[in-house]
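The structure file upload_23.txt is reproduced below (compact mmCIF, N, CA and C atoms).
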# COMPACT_ATOMS: atom_id res chain seq x y z
N LEU A 17 1.29 10.68 -8.99
CA LEU A 17 2.57 10.83 -8.34
C LEU A 17 3.65 10.37 -9.31
N HIS A 18 4.68 11.16 -9.46
CA HIS A 18 5.75 10.81 -10.38
C HIS A 18 6.38 9.48 -9.98
N ALA A 19 6.79 8.73 -10.97
CA ALA A 19 7.32 7.38 -10.75
C ALA A 19 8.52 7.36 -9.80
N ARG A 20 9.37 8.35 -9.87
CA ARG A 20 10.56 8.32 -8.99
C ARG A 20 10.18 8.45 -7.52
N TYR A 21 9.08 9.19 -7.22
CA TYR A 21 8.62 9.30 -5.84
C TYR A 21 7.98 8.00 -5.36
N VAL A 22 7.27 7.34 -6.27
CA VAL A 22 6.69 6.04 -5.94
C VAL A 22 7.80 5.04 -5.65
N LEU A 23 8.83 5.03 -6.48
CA LEU A 23 9.96 4.13 -6.25
C LEU A 23 10.65 4.42 -4.92
N ASN A 24 10.82 5.68 -4.60
CA ASN A 24 11.44 6.05 -3.32
C ASN A 24 10.58 5.58 -2.14
N LEU A 25 9.27 5.79 -2.24
CA LEU A 25 8.36 5.35 -1.19
C LEU A 25 8.41 3.82 -1.04
N LEU A 26 8.43 3.11 -2.14
CA LEU A 26 8.50 1.64 -2.09
C LEU A 26 9.81 1.17 -1.48
N HIS A 27 10.90 1.82 -1.83
CA HIS A 27 12.20 1.46 -1.29
C HIS A 27 12.22 1.64 0.23
N GLU A 28 11.75 2.78 0.70
CA GLU A 28 11.72 3.05 2.14
C GLU A 28 10.77 2.12 2.87
N THR A 29 9.64 1.81 2.25
CA THR A 29 8.68 0.89 2.86
C THR A 29 9.28 -0.51 2.99
N ARG A 30 9.92 -0.97 1.93
CA ARG A 30 10.55 -2.30 1.97
C ARG A 30 11.62 -2.35 3.06
N LYS A 31 12.43 -1.30 3.13
CA LYS A 31 13.49 -1.24 4.14
C LYS A 31 12.89 -1.30 5.54
N HIS A 32 11.80 -0.58 5.76
CA HIS A 32 11.14 -0.58 7.07
C HIS A 32 10.54 -1.96 7.39
N LEU A 33 9.83 -2.53 6.43
CA LEU A 33 9.17 -3.81 6.66
C LEU A 33 10.16 -4.95 6.93
N LYS A 34 11.31 -4.88 6.31
CA LYS A 34 12.31 -5.94 6.52
C LYS A 34 12.82 -5.95 7.96
N GLN A 35 12.73 -4.83 8.65
CA GLN A 35 13.20 -4.74 10.03
C GLN A 35 12.16 -5.25 11.03
N LEU A 36 10.93 -5.43 10.59
CA LEU A 36 9.86 -5.82 11.50
C LEU A 36 9.81 -7.34 11.67
N PRO A 37 9.34 -7.80 12.82
CA PRO A 37 9.15 -9.24 13.01
C PRO A 37 7.95 -9.72 12.19
N ASN A 38 7.84 -11.03 12.03
CA ASN A 38 6.71 -11.59 11.28
C ASN A 38 5.37 -11.36 11.98
N ILE A 39 5.40 -11.25 13.29
CA ILE A 39 4.18 -11.05 14.06
C ILE A 39 4.28 -9.72 14.79
N SER A 40 3.26 -8.90 14.63
CA SER A 40 3.22 -7.60 15.30
C SER A 40 2.24 -7.67 16.46
N HIS A 41 2.65 -7.14 17.58
CA HIS A 41 1.78 -7.04 18.74
C HIS A 41 1.28 -5.60 18.82
N VAL A 42 -0.02 -5.44 18.86
CA VAL A 42 -0.63 -4.12 18.91
C VAL A 42 -1.33 -3.98 20.25
N SER A 43 -1.07 -2.88 20.92
CA SER A 43 -1.63 -2.67 22.25
C SER A 43 -2.47 -1.40 22.26
N THR A 44 -3.44 -1.37 23.15
CA THR A 44 -4.26 -0.17 23.31
C THR A 44 -3.80 0.67 24.49
N CYS A 45 -2.64 0.35 25.06
CA CYS A 45 -2.21 1.12 26.23
C CYS A 45 -1.72 2.53 25.86
N TYR A 46 -1.29 2.76 24.63
CA TYR A 46 -0.83 4.09 24.23
C TYR A 46 -1.96 4.91 23.62
N SER A 47 -2.79 4.25 22.85
CA SER A 47 -3.98 4.91 22.32
C SER A 47 -5.19 4.16 22.86
N GLU A 48 -6.28 4.83 22.97
CA GLU A 48 -7.44 4.22 23.61
C GLU A 48 -8.13 3.19 22.75
N GLU A 49 -7.88 3.23 21.47
CA GLU A 49 -8.53 2.26 20.59
C GLU A 49 -7.64 1.97 19.39
N VAL A 50 -7.91 0.86 18.75
CA VAL A 50 -7.23 0.46 17.52
C VAL A 50 -8.32 0.18 16.49
N THR A 51 -8.22 0.80 15.33
CA THR A 51 -9.16 0.55 14.26
C THR A 51 -8.60 -0.55 13.38
N VAL A 52 -9.37 -1.60 13.17
CA VAL A 52 -8.94 -2.74 12.36
C VAL A 52 -9.75 -2.71 11.06
N CYS A 53 -9.04 -2.75 9.94
CA CYS A 53 -9.66 -2.68 8.62
C CYS A 53 -9.17 -3.85 7.77
N GLY A 54 -10.01 -4.30 6.88
CA GLY A 54 -9.59 -5.36 5.99
C GLY A 54 -10.26 -5.27 4.64
N ASP A 55 -9.63 -5.87 3.67
CA ASP A 55 -10.21 -6.05 2.33
C ASP A 55 -10.63 -4.75 1.66
N LEU A 56 -9.70 -3.84 1.50
CA LEU A 56 -9.99 -2.61 0.76
C LEU A 56 -10.13 -2.88 -0.73
N HIS A 57 -9.40 -3.83 -1.25
CA HIS A 57 -9.50 -4.26 -2.65
C HIS A 57 -9.57 -3.10 -3.64
N GLY A 58 -8.71 -2.13 -3.49
CA GLY A 58 -8.62 -1.06 -4.47
C GLY A 58 -9.74 -0.04 -4.41
N GLN A 59 -10.54 -0.05 -3.36
CA GLN A 59 -11.67 0.88 -3.23
C GLN A 59 -11.23 2.07 -2.39
N LEU A 60 -10.70 3.09 -3.05
CA LEU A 60 -10.17 4.27 -2.36
C LEU A 60 -11.25 5.00 -1.58
N ASP A 61 -12.46 5.03 -2.09
CA ASP A 61 -13.56 5.68 -1.36
C ASP A 61 -13.78 5.03 0.00
N ASP A 62 -13.61 3.72 0.07
CA ASP A 62 -13.77 3.02 1.35
C ASP A 62 -12.70 3.47 2.35
N LEU A 63 -11.47 3.61 1.87
CA LEU A 63 -10.39 4.07 2.75
C LEU A 63 -10.67 5.49 3.25
N PHE A 64 -11.11 6.36 2.34
CA PHE A 64 -11.45 7.72 2.74
C PHE A 64 -12.60 7.75 3.75
N LEU A 65 -13.58 6.88 3.58
CA LEU A 65 -14.70 6.81 4.51
C LEU A 65 -14.22 6.33 5.89
N ILE A 66 -13.34 5.36 5.91
CA ILE A 66 -12.77 4.88 7.18
C ILE A 66 -12.04 6.02 7.89
N PHE A 67 -11.22 6.77 7.15
CA PHE A 67 -10.50 7.89 7.76
C PHE A 67 -11.45 9.01 8.18
N TYR A 68 -12.50 9.24 7.41
CA TYR A 68 -13.47 10.27 7.76
C TYR A 68 -14.18 9.92 9.07
N LYS A 69 -14.59 8.67 9.22
CA LYS A 69 -15.34 8.25 10.40
C LYS A 69 -14.46 8.05 11.63
N ASN A 70 -13.21 7.63 11.43
CA ASN A 70 -12.35 7.27 12.56
C ASN A 70 -11.17 8.20 12.78
N GLY A 71 -10.92 9.09 11.85
CA GLY A 71 -9.77 9.98 11.95
C GLY A 71 -8.55 9.39 11.24
N LEU A 72 -7.62 10.26 10.91
CA LEU A 72 -6.40 9.83 10.23
C LEU A 72 -5.47 9.15 11.24
N PRO A 73 -4.60 8.27 10.76
CA PRO A 73 -3.60 7.69 11.67
C PRO A 73 -2.78 8.80 12.32
N SER A 74 -2.47 8.61 13.60
CA SER A 74 -1.70 9.59 14.36
C SER A 74 -1.17 8.90 15.60
N PRO A 75 -0.36 9.59 16.39
CA PRO A 75 0.12 8.97 17.63
C PRO A 75 -1.01 8.53 18.58
N SER A 76 -2.16 9.14 18.46
CA SER A 76 -3.28 8.76 19.32
C SER A 76 -4.33 7.91 18.60
N LYS A 77 -4.09 7.57 17.32
CA LYS A 77 -5.07 6.80 16.54
C LYS A 77 -4.34 5.70 15.77
N SER A 78 -4.40 4.48 16.30
CA SER A 78 -3.73 3.35 15.68
C SER A 78 -4.65 2.61 14.71
N TYR A 79 -4.02 2.03 13.69
CA TYR A 79 -4.74 1.26 12.68
C TYR A 79 -4.02 -0.05 12.42
N VAL A 80 -4.81 -1.09 12.17
CA VAL A 80 -4.31 -2.35 11.64
C VAL A 80 -5.06 -2.60 10.35
N PHE A 81 -4.33 -2.76 9.26
CA PHE A 81 -4.93 -3.06 7.96
C PHE A 81 -4.60 -4.51 7.63
N ASN A 82 -5.64 -5.33 7.55
CA ASN A 82 -5.46 -6.77 7.39
C ASN A 82 -5.47 -7.22 5.93
N GLY A 83 -4.58 -6.67 5.15
CA GLY A 83 -4.33 -7.18 3.81
C GLY A 83 -5.44 -6.97 2.80
N ASP A 84 -5.21 -7.57 1.64
CA ASP A 84 -6.09 -7.43 0.49
C ASP A 84 -6.34 -5.96 0.16
N PHE A 85 -5.24 -5.22 0.05
CA PHE A 85 -5.30 -3.80 -0.28
C PHE A 85 -5.62 -3.59 -1.76
N VAL A 86 -5.21 -4.54 -2.59
CA VAL A 86 -5.22 -4.37 -4.04
C VAL A 86 -6.19 -5.33 -4.72
N ASP A 87 -6.31 -5.15 -6.03
CA ASP A 87 -7.12 -5.97 -6.94
C ASP A 87 -8.59 -5.62 -6.85
N ARG A 88 -9.28 -5.95 -7.90
CA ARG A 88 -10.72 -5.74 -8.05
C ARG A 88 -11.10 -4.28 -8.23
N GLY A 89 -10.69 -3.39 -7.36
CA GLY A 89 -11.00 -1.97 -7.50
C GLY A 89 -10.01 -1.29 -8.44
N LYS A 90 -10.29 -0.05 -8.76
CA LYS A 90 -9.48 0.67 -9.75
C LYS A 90 -8.44 1.60 -9.14
N GLN A 91 -8.31 1.64 -7.81
CA GLN A 91 -7.38 2.59 -7.20
C GLN A 91 -6.48 1.92 -6.17
N SER A 92 -5.98 0.75 -6.53
CA SER A 92 -5.08 0.02 -5.64
C SER A 92 -3.77 0.76 -5.41
N LEU A 93 -3.23 1.34 -6.47
CA LEU A 93 -1.97 2.09 -6.34
C LEU A 93 -2.11 3.22 -5.34
N GLU A 94 -3.19 3.97 -5.45
CA GLU A 94 -3.40 5.09 -4.55
C GLU A 94 -3.52 4.63 -3.10
N ILE A 95 -4.23 3.52 -2.89
CA ILE A 95 -4.36 2.98 -1.54
C ILE A 95 -3.00 2.61 -0.98
N LEU A 96 -2.19 1.90 -1.76
CA LEU A 96 -0.87 1.50 -1.28
C LEU A 96 0.01 2.69 -1.00
N ILE A 97 -0.03 3.70 -1.84
CA ILE A 97 0.78 4.89 -1.62
C ILE A 97 0.39 5.56 -0.30
N ILE A 98 -0.91 5.68 -0.05
CA ILE A 98 -1.39 6.30 1.19
C ILE A 98 -1.00 5.45 2.40
N LEU A 99 -1.25 4.15 2.33
CA LEU A 99 -0.94 3.29 3.47
C LEU A 99 0.55 3.23 3.75
N PHE A 100 1.36 3.14 2.70
CA PHE A 100 2.82 3.08 2.90
C PHE A 100 3.33 4.40 3.47
N ALA A 101 2.77 5.52 3.02
CA ALA A 101 3.20 6.81 3.55
C ALA A 101 2.85 6.91 5.05
N PHE A 102 1.64 6.52 5.42
CA PHE A 102 1.27 6.53 6.84
C PHE A 102 2.11 5.56 7.65
N LEU A 103 2.45 4.41 7.07
CA LEU A 103 3.31 3.45 7.76
C LEU A 103 4.67 4.05 8.09
N LEU A 104 5.22 4.81 7.16
CA LEU A 104 6.53 5.42 7.39
C LEU A 104 6.46 6.61 8.34
N ILE A 105 5.36 7.34 8.30
CA ILE A 105 5.20 8.50 9.18
C ILE A 105 4.89 8.06 10.61
N TYR A 106 4.03 7.05 10.75
CA TYR A 106 3.61 6.56 12.07
C TYR A 106 3.89 5.05 12.19
N PRO A 107 5.14 4.67 12.25
CA PRO A 107 5.47 3.23 12.24
C PRO A 107 4.95 2.46 13.46
N LYS A 108 4.70 3.13 14.56
CA LYS A 108 4.19 2.44 15.75
C LYS A 108 2.66 2.41 15.79
N GLU A 109 2.03 3.20 14.96
CA GLU A 109 0.56 3.29 14.98
C GLU A 109 -0.12 2.66 13.77
N VAL A 110 0.63 2.42 12.70
CA VAL A 110 0.05 1.83 11.49
C VAL A 110 0.69 0.47 11.27
N HIS A 111 -0.15 -0.54 11.15
CA HIS A 111 0.32 -1.91 10.98
C HIS A 111 -0.34 -2.48 9.72
N LEU A 112 0.47 -3.06 8.85
CA LEU A 112 -0.03 -3.64 7.61
C LEU A 112 0.24 -5.14 7.62
N ASN A 113 -0.81 -5.92 7.46
CA ASN A 113 -0.67 -7.36 7.32
C ASN A 113 -0.90 -7.73 5.86
N ARG A 114 -0.07 -8.62 5.36
CA ARG A 114 -0.18 -9.04 3.97
C ARG A 114 -1.35 -10.00 3.82
N GLY A 115 -2.15 -9.77 2.77
CA GLY A 115 -3.25 -10.67 2.45
C GLY A 115 -2.90 -11.52 1.24
N ASN A 116 -3.82 -12.40 0.87
CA ASN A 116 -3.54 -13.26 -0.28
C ASN A 116 -3.49 -12.49 -1.60
N HIS A 117 -4.04 -11.28 -1.64
CA HIS A 117 -3.99 -10.49 -2.87
C HIS A 117 -2.68 -9.74 -3.04
N GLU A 118 -1.84 -9.74 -2.03
CA GLU A 118 -0.52 -9.14 -2.16
C GLU A 118 0.44 -10.23 -2.64
N ASP A 119 0.17 -10.72 -3.83
CA ASP A 119 0.91 -11.81 -4.45
C ASP A 119 0.89 -11.62 -5.96
N HIS A 120 2.02 -11.89 -6.58
CA HIS A 120 2.16 -11.64 -8.03
C HIS A 120 1.12 -12.39 -8.87
N MET A 121 0.94 -13.67 -8.60
CA MET A 121 0.00 -14.45 -9.41
C MET A 121 -1.44 -13.98 -9.21
N VAL A 122 -1.80 -13.64 -8.01
CA VAL A 122 -3.15 -13.14 -7.75
C VAL A 122 -3.32 -11.77 -8.41
N ASN A 123 -2.26 -10.93 -8.38
CA ASN A 123 -2.31 -9.62 -9.04
C ASN A 123 -2.53 -9.75 -10.54
N LEU A 124 -1.94 -10.76 -11.14
CA LEU A 124 -2.14 -11.00 -12.57
C LEU A 124 -3.59 -11.35 -12.87
N ARG A 125 -4.18 -12.12 -12.01
CA ARG A 125 -5.54 -12.59 -12.25
C ARG A 125 -6.61 -11.53 -11.96
N TYR A 126 -6.40 -10.75 -10.90
CA TYR A 126 -7.48 -9.87 -10.44
C TYR A 126 -7.27 -8.39 -10.73
N GLY A 127 -6.18 -7.98 -11.37
CA GLY A 127 -6.15 -6.63 -11.90
C GLY A 127 -5.08 -5.66 -11.44
N PHE A 128 -4.45 -5.85 -10.29
CA PHE A 128 -3.47 -4.85 -9.84
C PHE A 128 -2.31 -4.74 -10.81
N TYR A 129 -1.82 -5.83 -11.32
CA TYR A 129 -0.70 -5.83 -12.27
C TYR A 129 -1.03 -4.94 -13.47
N PHE A 130 -2.23 -5.07 -14.01
CA PHE A 130 -2.60 -4.30 -15.20
C PHE A 130 -2.93 -2.84 -14.87
N GLU A 131 -3.40 -2.60 -13.64
CA GLU A 131 -3.61 -1.20 -13.20
C GLU A 131 -2.28 -0.47 -13.19
N ASP A 132 -1.26 -1.11 -12.64
CA ASP A 132 0.08 -0.53 -12.61
C ASP A 132 0.59 -0.33 -14.03
N LEU A 133 0.38 -1.32 -14.89
CA LEU A 133 0.80 -1.21 -16.29
C LEU A 133 0.17 0.01 -16.96
N MET A 134 -1.13 0.19 -16.74
CA MET A 134 -1.83 1.30 -17.39
C MET A 134 -1.30 2.64 -16.91
N LEU A 135 -0.98 2.76 -15.62
CA LEU A 135 -0.55 4.05 -15.09
C LEU A 135 0.89 4.39 -15.45
N TYR A 136 1.76 3.41 -15.50
CA TYR A 136 3.18 3.73 -15.68
C TYR A 136 3.82 3.17 -16.94
N LEU A 137 3.40 2.02 -17.41
CA LEU A 137 4.06 1.45 -18.58
C LEU A 137 3.52 1.99 -19.90
N PHE A 138 2.24 2.30 -19.96
CA PHE A 138 1.65 2.72 -21.22
C PHE A 138 1.52 4.23 -21.37
N ARG A 139 2.30 4.96 -20.60
CA ARG A 139 2.32 6.41 -20.75
C ARG A 139 3.23 6.76 -21.91
N SER A 140 3.03 7.92 -22.45
CA SER A 140 3.78 8.30 -23.64
C SER A 140 5.23 8.68 -23.35
N ASP A 141 5.53 9.14 -22.14
CA ASP A 141 6.90 9.55 -21.86
C ASP A 141 7.75 8.34 -21.45
N LEU A 142 8.91 8.24 -22.06
CA LEU A 142 9.79 7.09 -21.86
C LEU A 142 10.23 6.89 -20.41
N PRO A 143 10.58 7.95 -19.65
CA PRO A 143 10.99 7.71 -18.25
C PRO A 143 9.93 6.97 -17.45
N SER A 144 8.65 7.28 -17.66
CA SER A 144 7.59 6.58 -16.93
C SER A 144 7.53 5.12 -17.31
N GLN A 145 7.76 4.83 -18.60
CA GLN A 145 7.74 3.43 -19.04
C GLN A 145 8.88 2.64 -18.39
N VAL A 146 10.05 3.24 -18.32
CA VAL A 146 11.20 2.58 -17.71
C VAL A 146 10.95 2.39 -16.22
N HIS A 147 10.46 3.43 -15.56
CA HIS A 147 10.17 3.34 -14.12
C HIS A 147 9.03 2.36 -13.85
N GLY A 148 8.09 2.23 -14.79
CA GLY A 148 6.94 1.35 -14.60
C GLY A 148 7.35 -0.09 -14.33
N LYS A 149 8.34 -0.57 -15.05
CA LYS A 149 8.81 -1.94 -14.84
C LYS A 149 9.47 -2.07 -13.48
N LYS A 150 10.21 -1.04 -13.07
CA LYS A 150 10.83 -1.05 -11.74
C LYS A 150 9.76 -1.01 -10.65
N ILE A 151 8.72 -0.23 -10.88
CA ILE A 151 7.64 -0.12 -9.90
C ILE A 151 6.97 -1.47 -9.71
N LEU A 152 6.68 -2.16 -10.80
CA LEU A 152 6.07 -3.49 -10.70
C LEU A 152 6.93 -4.44 -9.89
N ARG A 153 8.23 -4.46 -10.17
CA ARG A 153 9.16 -5.34 -9.43
C ARG A 153 9.23 -4.94 -7.96
N MET A 154 9.25 -3.64 -7.70
CA MET A 154 9.36 -3.16 -6.33
C MET A 154 8.11 -3.50 -5.52
N PHE A 155 6.92 -3.37 -6.12
CA PHE A 155 5.70 -3.75 -5.42
C PHE A 155 5.75 -5.21 -5.03
N GLN A 156 6.21 -6.06 -5.95
CA GLN A 156 6.31 -7.48 -5.62
C GLN A 156 7.30 -7.72 -4.51
N ASN A 157 8.41 -6.98 -4.49
CA ASN A 157 9.38 -7.12 -3.41
C ASN A 157 8.80 -6.67 -2.07
N VAL A 158 8.03 -5.59 -2.09
CA VAL A 158 7.42 -5.11 -0.85
C VAL A 158 6.39 -6.14 -0.35
N PHE A 159 5.60 -6.70 -1.27
CA PHE A 159 4.62 -7.71 -0.87
C PHE A 159 5.31 -8.91 -0.27
Represent the structure contained in this file as structure tokens.
Amino acid sequence: LHARYVLNLLHETRKHLKQLPNISHVSTCYSEEVTVCGDLHGQLDDLFLIFYKNGLPSPSKSYVFNGDFVDRGKQSLEILIILFAFLLIYPKEVHLNRGNHEDHMVNLRYGFYFEDLMLYLFRSDLPSQVHGKKILRMFQNVF
């Protein structure tokens, strides 16, 4: 995904999250069930398997993701892009809780920081390099 679209998604996600209370109440009165997921840790295949078995988020399918979206796995960026997009499309059905891995110092130690660097900072085209630094800052702001 081009860096400018990632930045736009991050900006809209941050704007949405700032409006939410610190504690979210999730009810099953609108949908019959809520799928609770945790610790994806950059494993995109796990997220796809969850969606395959339980269905995609929708007005009738609520999800709570309990943090630790990033680090350790190699596709943390893709997971965040998917989760943030679903959060914006279905703000009442998708709930994201921050885990301890959504932190700058933990990202430095366990890999998300360098994954982002590899995808956007070390590309040959200059616009991606410039946007890469903004993307890193924006992810930290969203976290």
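Taking CA of Leu60 (chain A) as the reference point, atom N of Thr29 (chain A) is found at 20.5 Å.
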**OP:** Would you work out the distance separating CA of Asp61 (chain A) from CA of Arg30 (chain A), expressed in Å to one decimal?
**Re:** 25.6 Å
**OP:** List the neighbours of Glu109 (chain A) out to 8 Å using only N, CA and C atoms; skip same-chain residues closer than 4 positions along the sequence, and give me the result as an MDAnalysis selection string.
**Re:** chainID A and resid 73:80 102:103 105
Let's have the selection written as a PDB file, keeping the file's coordinate frame, with N, CA and C atoms.
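As a result, selection-v1.pdb now contains:
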ATOM      1  N   PRO A  73      -4.600   8.270  10.760  1.00  0.00           N
ATOM      2  CA  PRO A  73      -3.600   7.690  11.670  1.00  0.00           C
ATOM      3  C   PRO A  73      -2.780   8.800  12.320  1.00  0.00           C
ATOM      4  N   SER A  74      -2.470   8.610  13.600  1.00  0.00           N
ATOM      5  CA  SER A  74      -1.700   9.590  14.360  1.00  0.00           C
ATOM      6  C   SER A  74      -1.170   8.900  15.600  1.00  0.00           C
ATOM      7  N   PRO A  75      -0.360   9.590  16.390  1.00  0.00           N
ATOM      8  CA  PRO A  75       0.120   8.970  17.630  1.00  0.00           C
ATOM      9  C   PRO A  75      -1.010   8.530  18.580  1.00  0.00           C
ATOM     10  N   SER A  76      -2.160   9.140  18.460  1.00  0.00           N
ATOM     11  CA  SER A  76      -3.280   8.760  19.320  1.00  0.00           C
ATOM     12  C   SER A  76      -4.330   7.910  18.600  1.00  0.00           C
ATOM     13  N   LYS A  77      -4.090   7.570  17.320  1.00  0.00           N
ATOM     14  CA  LYS A  77      -5.070   6.800  16.540  1.00  0.00           C
ATOM     15  C   LYS A  77      -4.340   5.700  15.770  1.00  0.00           C
ATOM     16  N   SER A  78      -4.400   4.480  16.300  1.00  0.00           N
ATOM     17  CA  SER A  78      -3.730   3.350  15.680  1.00  0.00           C
ATOM     18  C   SER A  78      -4.650   2.610  14.710  1.00  0.00           C
ATOM     19  N   TYR A  79      -4.020   2.030  13.690  1.00  0.00           N
ATOM     20  CA  TYR A  79      -4.740   1.260  12.680  1.00  0.00           C
ATOM     21  C   TYR A  79      -4.020  -0.050  12.420  1.00  0.00           C
ATOM     22  N   VAL A  80      -4.810  -1.090  12.170  1.00  0.00           N
ATOM     23  CA  VAL A  80      -4.310  -2.350  11.640  1.00  0.00           C
ATOM     24  C   VAL A  80      -5.060  -2.600  10.350  1.00  0.00           C
ATOM     25  N   PHE A 102       1.640   6.520   5.420  1.00  0.00           N
ATOM     26  CA  PHE A 102       1.270   6.530   6.840  1.00  0.00           C
ATOM     27  C   PHE A 102       2.110   5.560   7.650  1.00  0.00           C
ATOM     28  N   LEU A 103       2.450   4.410   7.070  1.00  0.00           N
ATOM     29  CA  LEU A 103       3.310   3.450   7.760  1.00  0.00           C
ATOM     30  C   LEU A 103       4.670   4.050   8.090  1.00  0.00           C
ATOM     31  N   ILE A 105       5.360   7.340   8.300  1.00  0.00           N
ATOM     32  CA  ILE A 105       5.200   8.500   9.180  1.00  0.00           C
ATOM     33  C   ILE A 105       4.890   8.060  10.610  1.00  0.00           C
TER      34      ILE A 105
END
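Here CA of His111 (chain A) is placed at a distance of 24.6 Å from CA of Ala19 (chain A).
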**OP:** Please return as JSON, numbers by chain: the residues of region 25-121 of chain A that backbone DSSP assigns to strand (DSSP E or B).
**Re:** {"A": [50, 51, 52, 53, 74, 77, 78, 79, 80, 81, 82, 110, 111, 112, 113]}
Original post:
Do you know which residues are at most 6 Å from Gln59 (chain A) counting all atoms listed in the file, after dropping those on the same chain fewer than 3 positions away, and could you put them as a list of chain:residue names?
Top reply: A:Leu56, A:Asp62, A:Leu63, A:Gly89, A:Lys90, A:Gln91, A:Ser92
